[in-house]
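Peer 1: One file is attached below, work_25.pdb, containing PDB, C-alpha atoms.
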```pdb
ATOM      1  CA  GLY A 132      90.482  98.689  98.794
ATOM      2  CA  ALA A 133      91.015  95.017  98.325
ATOM      3  CA  VAL A 134      89.745  92.866 101.128
ATOM      4  CA  VAL A 135      90.540  89.324 102.081
ATOM      5  CA  SER A 136      88.066  87.765 104.451
ATOM      6  CA  GLN A 137      89.054  84.849 106.637
ATOM      7  CA  HIS A 138      86.652  82.754 108.662
ATOM      8  CA  PRO A 139      86.410  81.776 111.439
ATOM      9  CA  SER A 140      88.511  84.195 113.458
ATOM     10  CA  ARG A 141      88.723  81.790 116.360
ATOM     11  CA  VAL A 142      88.064  78.103 116.709
ATOM     12  CA  ILE A 143      88.502  75.661 119.540
ATOM     13  CA  CYS A 144      88.322  72.000 118.715
ATOM     14  CA  LYS A 145      89.044  68.692 120.337
ATOM     15  CA  SER A 146      92.035  66.617 119.474
ATOM     16  CA  GLY A 147      91.341  64.302 116.556
ATOM     17  CA  THR A 148      88.735  66.450 114.861
ATOM     18  CA  SER A 149      89.136  68.405 111.631
ATOM     19  CA  VAL A 150      88.810  72.136 111.190
ATOM     20  CA  LYS A 151      88.163  74.063 107.985
ATOM     21  CA  ILE A 152      89.319  77.641 107.522
ATOM     22  CA  GLU A 153      88.009  79.744 104.650
ATOM     23  CA  CYS A 154      89.783  82.545 102.842
ATOM     24  CA  ARG A 155      87.811  84.716 100.437
ATOM     25  CA  SER A 156      88.846  87.579  98.215
ATOM     26  CA  LEU A 157      85.858  89.899  98.411
ATOM     27  CA  ASP A 158      86.339  92.344  95.572
ATOM     28  CA  PHE A 159      88.937  90.802  93.329
ATOM     29  CA  GLN A 160      89.857  87.493  91.781
ATOM     30  CA  ALA A 161      92.826  85.731  93.260
ATOM     31  CA  THR A 162      94.361  82.998  91.158
ATOM     32  CA  THR A 163      96.925  82.464  93.878
ATOM     33  CA  MET A 164      96.464  82.526  97.616
ATOM     34  CA  PHE A 165      98.973  81.797 100.316
ATOM     35  CA  TRP A 166      98.571  80.111 103.681
ATOM     36  CA  TYR A 167     100.796  80.961 106.622
ATOM     37  CA  ARG A 168     101.227  79.817 110.149
ATOM     38  CA  GLN A 169     102.451  82.085 112.908
ATOM     39  CA  PHE A 170     103.589  81.168 116.393
ATOM     40  CA  PRO A 171     103.786  83.840 119.120
ATOM     41  CA  LYS A 172     106.567  86.375 118.570
ATOM     42  CA  GLN A 173     107.704  84.608 115.410
ATOM     43  CA  SER A 174     107.635  85.283 111.685
ATOM     44  CA  LEU A 175     104.865  84.217 109.429
ATOM     45  CA  MET A 176     105.857  80.889 107.951
ATOM     46  CA  LEU A 177     104.587  80.036 104.505
ATOM     47  CA  MET A 178     102.841  76.685 104.550
ATOM     48  CA  ALA A 179     101.585  76.419 100.995
ATOM     49  CA  THR A 180     100.671  78.260  97.847
ATOM     50  CA  SER A 181      97.125  77.658  96.717
ATOM     51  CA  ASN A 182      96.490  77.771  92.986
ATOM     52  CA  GLU A 183      92.986  78.000  91.588
ATOM     53  CA  GLY A 184      92.023  74.852  89.766
ATOM     54  CA  SER A 185      95.178  72.934  90.562
ATOM     55  CA  LYS A 186      96.978  71.306  93.435
ATOM     56  CA  ALA A 187      98.553  73.399  96.122
ATOM     57  CA  THR A 188     102.307  73.716  96.407
ATOM     58  CA  TYR A 189     103.472  72.866  99.898
ATOM     59  CA  GLU A 190     106.601  74.117 101.585
ATOM     60  CA  GLN A 191     109.165  71.656 102.814
ATOM     61  CA  GLY A 192     108.143  70.064 106.069
ATOM     62  CA  VAL A 193     104.433  70.784 105.702
ATOM     63  CA  GLU A 194     102.332  67.636 105.528
ATOM     64  CA  LYS A 195      99.946  67.906 102.624
ATOM     65  CA  ASP A 196      97.722  65.153 103.984
ATOM     66  CA  LYS A 197      97.371  66.979 107.264
ATOM     67  CA  PHE A 198      96.800  70.438 105.861
ATOM     68  CA  LEU A 199      94.396  70.013 102.963
ATOM     69  CA  ILE A 200      94.074  72.990 100.678
ATOM     70  CA  ASN A 201      91.324  73.470  98.135
ATOM     71  CA  HIS A 202      91.110  76.433  95.773
ATOM     72  CA  ALA A 203      87.934  75.680  93.904
ATOM     73  CA  SER A 204      87.192  79.179  92.662
ATOM     74  CA  LEU A 205      88.941  82.457  91.996
ATOM     75  CA  THR A 206      87.622  83.909  95.236
ATOM     76  CA  LEU A 207      87.815  81.049  97.717
ATOM     77  CA  SER A 208      90.571  78.912  99.172
ATOM     78  CA  THR A 209      90.109  76.610 102.146
ATOM     79  CA  LEU A 210      92.577  75.066 104.550
ATOM     80  CA  THR A 211      91.470  71.985 106.443
ATOM     81  CA  VAL A 212      93.507  70.863 109.418
ATOM     82  CA  THR A 213      92.786  67.169 109.630
ATOM     83  CA  SER A 214      92.963  65.122 112.814
ATOM     84  CA  ALA A 215      94.099  68.156 114.731
ATOM     85  CA  HIS A 216      96.431  67.821 117.689
ATOM     86  CA  PRO A 217      97.414  70.347 120.364
ATOM     87  CA  GLU A 218     100.668  71.083 118.525
ATOM     88  CA  ASP A 219      98.598  72.341 115.595
ATOM     89  CA  SER A 220      97.358  75.176 117.782
ATOM     90  CA  SER A 221      98.536  78.332 116.091
ATOM     91  CA  PHE A 222      97.517  81.454 114.216
ATOM     92  CA  TYR A 223      96.756  80.689 110.575
ATOM     93  CA  ILE A 224      96.676  83.519 108.042
ATOM     94  CA  CYS A 225      95.861  83.580 104.353
ATOM     95  CA  SER A 226      96.838  86.185 101.808
ATOM     96  CA  ALA A 227      96.256  86.993  98.164
ATOM     97  CA  ARG A 228      97.923  89.158  95.594
ATOM     98  CA  ILE A 229      95.830  91.141  93.155
ATOM     99  CA  LEU A 230      98.184  91.785  90.303
ATOM    100  CA  ASP A 231     101.861  91.220  89.807
ATOM    101  CA  VAL A 232     104.572  90.279  92.249
ATOM    102  CA  ASP A 233     105.293  93.929  93.033
ATOM    103  CA  SER A 234     101.790  94.576  94.272
ATOM    104  CA  PRO A 235     101.161  94.212  98.000
ATOM    105  CA  LEU A 236      99.807  91.091  99.551
ATOM    106  CA  HIS A 237      96.421  91.461 101.163
ATOM    107  CA  PHE A 238      96.075  89.400 104.286
ATOM    108  CA  GLY A 239      93.075  87.980 106.019
ATOM    109  CA  ASN A 240      92.663  88.708 109.716
ATOM    110  CA  GLY A 241      93.797  85.254 110.663
ATOM    111  CA  THR A 242      92.295  82.312 112.494
ATOM    112  CA  ARG A 243      93.322  81.434 116.017
ATOM    113  CA  LEU A 244      93.133  77.653 116.289
ATOM    114  CA  THR A 245      93.220  76.032 119.712
ATOM    115  CA  VAL A 246      93.203  72.259 119.902
ATOM    116  CA  THR A 247      92.378  70.842 123.315
TER
ATOM    117  CA  LYS B 160     119.781  81.575 109.554
ATOM    118  CA  ASN B 161     116.885  83.804 108.568
ATOM    119  CA  GLN B 162     117.450  85.921 105.507
ATOM    120  CA  VAL B 163     115.709  88.869 107.181
ATOM    121  CA  GLU B 164     116.665  89.978 110.683
ATOM    122  CA  GLN B 165     114.831  92.728 112.523
ATOM    123  CA  SER B 166     115.837  94.761 115.529
ATOM    124  CA  PRO B 167     114.978  95.536 118.174
ATOM    125  CA  GLN B 168     112.678  92.652 118.999
ATOM    126  CA  SER B 169     110.487  95.056 120.930
ATOM    127  CA  LEU B 170     110.456  98.632 122.089
ATOM    128  CA  ILE B 171     108.351 100.942 124.208
ATOM    129  CA  ILE B 172     107.971 104.617 123.397
ATOM    130  CA  LEU B 173     105.936 107.505 124.712
ATOM    131  CA  GLU B 174     103.116 108.933 122.676
ATOM    132  CA  GLY B 175     104.323 111.700 120.402
ATOM    133  CA  LYS B 176     107.889 110.455 120.207
ATOM    134  CA  ASN B 177     109.656 109.091 117.138
ATOM    135  CA  CYS B 178     111.220 105.692 116.703
ATOM    136  CA  THR B 179     113.177 103.766 114.102
ATOM    137  CA  LEU B 180     113.015 100.055 113.408
ATOM    138  CA  GLN B 181     115.775  98.180 111.624
ATOM    139  CA  CYS B 182     115.753  95.408 109.071
ATOM    140  CA  ASN B 183     118.930  93.698 107.890
ATOM    141  CA  TYR B 184     118.713  91.295 105.016
ATOM    142  CA  THR B 185     121.044  88.965 103.175
ATOM    143  CA  VAL B 186     119.002  88.562 100.002
ATOM    144  CA  SER B 187     120.501  90.487  97.094
ATOM    145  CA  PRO B 188     119.219  91.402  94.670
ATOM    146  CA  PHE B 189     115.565  91.233  95.486
ATOM    147  CA  SER B 190     112.329  92.114  93.768
ATOM    148  CA  ASN B 191     111.008  94.402  96.497
ATOM    149  CA  LEU B 192     111.122  95.067 100.223
ATOM    150  CA  ARG B 193     107.965  95.706 102.166
ATOM    151  CA  TRP B 194     107.034  96.829 105.622
ATOM    152  CA  TYR B 195     103.812  95.587 107.138
ATOM    153  CA  LYS B 196     101.955  96.515 110.314
ATOM    154  CA  GLN B 197     100.298  93.692 112.197
ATOM    155  CA  ASP B 198      97.906  94.482 115.010
ATOM    156  CA  THR B 199      97.540  91.795 117.648
ATOM    157  CA  GLY B 200      95.337  88.978 116.420
ATOM    158  CA  ARG B 201      94.975  90.474 112.949
ATOM    159  CA  GLY B 202      96.556  89.977 109.562
ATOM    160  CA  PRO B 203      99.399  92.229 108.398
ATOM    161  CA  VAL B 204      98.611  95.410 106.481
ATOM    162  CA  SER B 205     101.005  96.845 103.910
ATOM    163  CA  LEU B 206     102.692 100.132 104.830
ATOM    164  CA  THR B 207     105.353 100.581 102.153
ATOM    165  CA  ILE B 208     106.854  98.792  99.201
ATOM    166  CA  MET B 209     110.267  99.637  97.769
ATOM    167  CA  THR B 210     111.986  98.175  94.765
ATOM    168  CA  PHE B 211     115.696  97.461  94.741
ATOM    169  CA  SER B 212     116.470 100.858  93.172
ATOM    170  CA  GLU B 213     114.424 102.993  95.566
ATOM    171  CA  ASN B 214     115.854 104.387  98.786
ATOM    172  CA  THR B 215     112.893 105.961 100.517
ATOM    173  CA  LYS B 216     109.135 105.672 100.608
ATOM    174  CA  SER B 217     106.643 107.429 102.862
ATOM    175  CA  ASN B 218     103.130 106.627 103.950
ATOM    176  CA  GLY B 219     101.830 109.309 106.283
ATOM    177  CA  ARG B 220     103.847 109.196 109.502
ATOM    178  CA  TYR B 221     105.707 106.088 108.328
ATOM    179  CA  THR B 222     108.902 106.493 106.302
ATOM    180  CA  ALA B 223     110.880 103.536 105.053
ATOM    181  CA  THR B 224     114.448 103.800 103.821
ATOM    182  CA  LEU B 225     116.606 101.346 101.956
ATOM    183  CA  ASP B 226     120.381 101.141 101.690
ATOM    184  CA  ALA B 227     121.272  98.467  99.167
ATOM    185  CA  ASP B 228     124.984  98.814  99.912
ATOM    186  CA  THR B 229     124.654  97.899 103.563
ATOM    187  CA  LYS B 230     121.598  95.698 102.982
ATOM    188  CA  GLN B 231     119.585  97.570 105.541
ATOM    189  CA  SER B 232     116.147  99.037 105.651
ATOM    190  CA  SER B 233     114.601 101.120 108.374
ATOM    191  CA  LEU B 234     111.078 102.160 109.227
ATOM    192  CA  HIS B 235     110.743 105.502 110.963
ATOM    193  CA  ILE B 236     107.571 106.331 112.844
ATOM    194  CA  THR B 237     107.047 110.028 113.451
ATOM    195  CA  ALA B 238     104.954 111.498 116.267
ATOM    196  CA  SER B 239     103.803 108.104 117.466
ATOM    197  CA  GLN B 240     100.200 107.502 118.421
ATOM    198  CA  LEU B 241      98.662 104.870 120.648
ATOM    199  CA  SER B 242      97.280 103.188 117.536
ATOM    200  CA  ASP B 243     100.823 102.604 116.324
ATOM    201  CA  SER B 244     101.166  99.860 118.934
ATOM    202  CA  ALA B 245     101.617  96.765 116.782
ATOM    203  CA  SER B 246     104.176  94.420 115.307
ATOM    204  CA  TYR B 247     106.062  95.727 112.283
ATOM    205  CA  ILE B 248     107.295  93.158 109.835
ATOM    206  CA  CYS B 249     109.952  93.527 107.168
ATOM    207  CA  VAL B 250     109.414  91.280 104.147
ATOM    208  CA  VAL B 251     111.818  90.764 101.259
ATOM    209  CA  SER B 252     110.566  89.383  97.970
ATOM    210  CA  LEU B 253     113.137  87.192  96.282
ATOM    211  CA  PRO B 254     113.778  87.686  92.569
ATOM    212  CA  GLU B 255     112.117  85.833  89.725
ATOM    213  CA  SER B 256     114.789  83.144  89.837
ATOM    214  CA  ASN B 257     113.434  82.209  93.265
ATOM    215  CA  ASP B 258     109.807  82.402  92.200
ATOM    216  CA  TYR B 259     109.397  85.715  94.018
ATOM    217  CA  LYS B 260     109.188  83.894  97.334
ATOM    218  CA  LEU B 261     108.816  86.047 100.389
ATOM    219  CA  SER B 262     111.197  86.041 103.303
ATOM    220  CA  PHE B 263     109.683  87.401 106.519
ATOM    221  CA  GLY B 264     111.409  89.007 109.448
ATOM    222  CA  ALA B 265     110.258  88.085 112.948
ATOM    223  CA  GLY B 266     108.927  91.578 113.493
ATOM    224  CA  THR B 267     109.455  94.367 116.005
ATOM    225  CA  THR B 268     106.746  94.824 118.587
ATOM    226  CA  VAL B 269     106.134  98.501 119.269
ATOM    227  CA  THR B 270     104.229  99.616 122.332
ATOM    228  CA  VAL B 271     103.210 103.258 122.511
ATOM    229  CA  ARG B 272     102.321 104.508 125.964
ATOM    230  CA  ALA B 273     100.420 107.639 126.926
TER
END
```
Represent the structure contained in this file as structure tokens.
Peer 2:
Amino acid sequence: GAVVSQHPSRVICKSGTSVKIECRSLDFQATTMFWYRQFPKQSLMLMATSNEGSKATYEQGVEKDKFLINHASLTLSTLTVTSAHPEDSSFYICSARILDVDSPLHFGNGTRLTVT
Amino acid sequence: KNQVEQSPQSLIILEGKNCTLQCNYTVSPFSNLRWYKQDTGRGPVSLTIMTFSENTKSNGRYTATLDADTKQSSLHITASQLSDSASYICVVSLPESNDYKLSFGAGTTVTVRA
């Protein structure tokens, strides 16, 4: 079945540094990938839609200069949390859809970011 | 107010027992409604997908139902196993006019005990 690989699974960084999270579609091409953020016991919140070869579409309230998204190929999207602060600590998850909007989303296993 | 509300927030059941999770939504019509299972510290995995016109869909011991009149969906877990312990998330896909955006419920955390 389709697999979305997300790396790293956990990262601890110091306040002020930047962290890059990778999301790869392993056996299919994903023209669109999605990035979510999830706080404990809460819903996944869509941060942005990553489109291959073009700029990402950010949801309202998400700072595009803080959360840099690059979708340079059909199998790779990256999310960079710039100048991270403790409040950025969260669970970040990416997903991709293979075909049409009625096909399931395939999620990565998430990245637990802790900013100290 | 969230467009997708799930209940209960959490529940504990004994291994082998059945349980039913509820999802109430305000979005109508929608493109599809999905149930996902999310293990702790992992990404969600799709269990079922139903279109607006479907009213039931099964995947092994998981059965999802949909009542478009009452705007409710339920996920029934039969003969629960320890591995069923997870968060179950109801997700509604908005129609084309809303760019098929997804609206997520907060999830129900199920704990299965031996």
Peer 1: In Å, how far is it from atom CA of Met176 of chain A to atom CA of Ser239 of chain B?
Peer 2: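 Computed distance, atom CA of Met176 of chain A to atom CA of Ser239 of chain B, equals 28.9 Å.
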Peer 1: Return the padded bounding box of segment 195-209 of chain A as AutoDock Vina command-line options: axis-aligned, built from all atoms listed in the file, 8 Å added on each side, with centre and edge lengths in Å to one decimal.
Peer 2:
```
--center_x 93.6 --center_y 74.5 --center_z 99.6 --size_x 28.8 --size_y 34.8 --size_z 31.3
```
Peer 1: Excluding Lys145 of chain A and any residue of its chain fewer than 6 positions from it, enumerate the residues within 8 Å of it, using all atoms listed in the file, and give them as a list in words.
Peer 2: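 Residues meeting the cut-off are Ala215, His216, Val246 and Thr247 of chain A.
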Peer 1: Under the rule of at most 8 Å, produce a per-residue listing of chain B near chain A: chain, number, name, the closest pair of atoms, and the distance in Å, as a Markdown table, using all atoms listed in the file.
Peer 2:
```
| residue | atom | partner | partner_atom | distance |
| --- | --- | --- | --- | --- |
| B:Ser190 | CA | A:Asp233 | CA | 7.3 |
| B:Asn191 | CA | A:Asp233 | CA | 6.7 |
| B:Gly200 | CA | A:Gly241 | CA | 7.0 |
| B:Arg201 | CA | A:Asn240 | CA | 4.3 |
| B:Gly202 | CA | A:Asn240 | CA | 4.1 |
| B:Pro203 | CA | A:Phe238 | CA | 6.0 |
| B:Val204 | CA | A:Phe238 | CA | 6.9 |
| B:Ser205 | CA | A:Pro235 | CA | 6.5 |
| B:Ile208 | CA | A:Pro235 | CA | 7.4 |
| B:Tyr259 | CA | A:Val232 | CA | 6.9 |
| B:Phe263 | CA | A:Ser174 | CA | 5.9 |
| B:Gly264 | CA | A:Ser174 | CA | 5.8 |
| B:Ala265 | CA | A:Ser174 | CA | 4.0 |
| B:Gly266 | CA | A:Ser174 | CA | 6.7 |
```
Peer 1: Report as an NGL selection string all protein, DNA and RNA residues lying within 10 Å of segment 249-253 of chain B, evaluated on only C-alpha atoms, omitting residues in the same chain fewer than 2 positions from it.
Peer 2: (:A and (174-175 or 232-233)) or (:B and (162-165 or 180-196 or 207-210 or 232-234 or 247 or 255-267))
Peer 1: So what do you get for atom CA of Thr180 of chain A versus atom CA of Glu218 of chain A, distance-wise?
Peer 2: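 Atom CA of Glu218 of chain A lies 21.9 Å from atom CA of Thr180 of chain A.
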Peer 1: So what do you get for atom CA of Leu199 of chain A versus atom CA of Met178 of chain A, distance-wise?
Peer 2: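 Taking atom CA of Leu199 of chain A as the start and atom CA of Met178 of chain A as the end point, the length is 10.9 Å.
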Peer 1: What residues come out when you apply the PyMOL selection byres ((chain A and resi 183) around 12) to this file, written as a list of chain:residue names?
Peer 2: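 That selection, the PyMOL selection byres ((chain A and resi 183) around 12), comes back as A:Gln160, A:Ala161, A:Thr162, A:Thr163, A:Met164, A:Phe165, A:Thr180, A:Ser181, A:Asn182, A:Gly184, A:Ser185, A:Lys186, A:Ala187, A:Thr188, A:Ile200, A:Asn201, A:His202, A:Ala203, A:Ser204, A:Leu205, A:Thr206, A:Leu207, A:Ser208, A:Thr209, A:Ala227.
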Peer 1: Decode the PyMOL selection byres ((chain A and resi 151) around 8) for the given file into explicit residues and return them as JSON, numbers by chain.
Peer 2: {"A": [149, 150, 152, 153, 209, 210, 211, 212]}
Peer 1: Please write the residues from the selection above to a file, keeping C-alpha atoms, as a short mmCIF file (atom, residue, chain, number, x, y, z; two decimals), keeping the file's coordinate frame.
Peer 2:
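Below is the file out_14.cif, written as the result:
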```cif
data_model
loop_
_atom_site.label_atom_id
_atom_site.label_comp_id
_atom_site.auth_asym_id
_atom_site.auth_seq_id
_atom_site.Cartn_x
_atom_site.Cartn_y
_atom_site.Cartn_z
CA SER A 149 89.14 68.40 111.63
CA VAL A 150 88.81 72.14 111.19
CA ILE A 152 89.32 77.64 107.52
CA GLU A 153 88.01 79.74 104.65
CA THR A 209 90.11 76.61 102.15
CA LEU A 210 92.58 75.07 104.55
CA THR A 211 91.47 71.98 106.44
CA VAL A 212 93.51 70.86 109.42
#
```
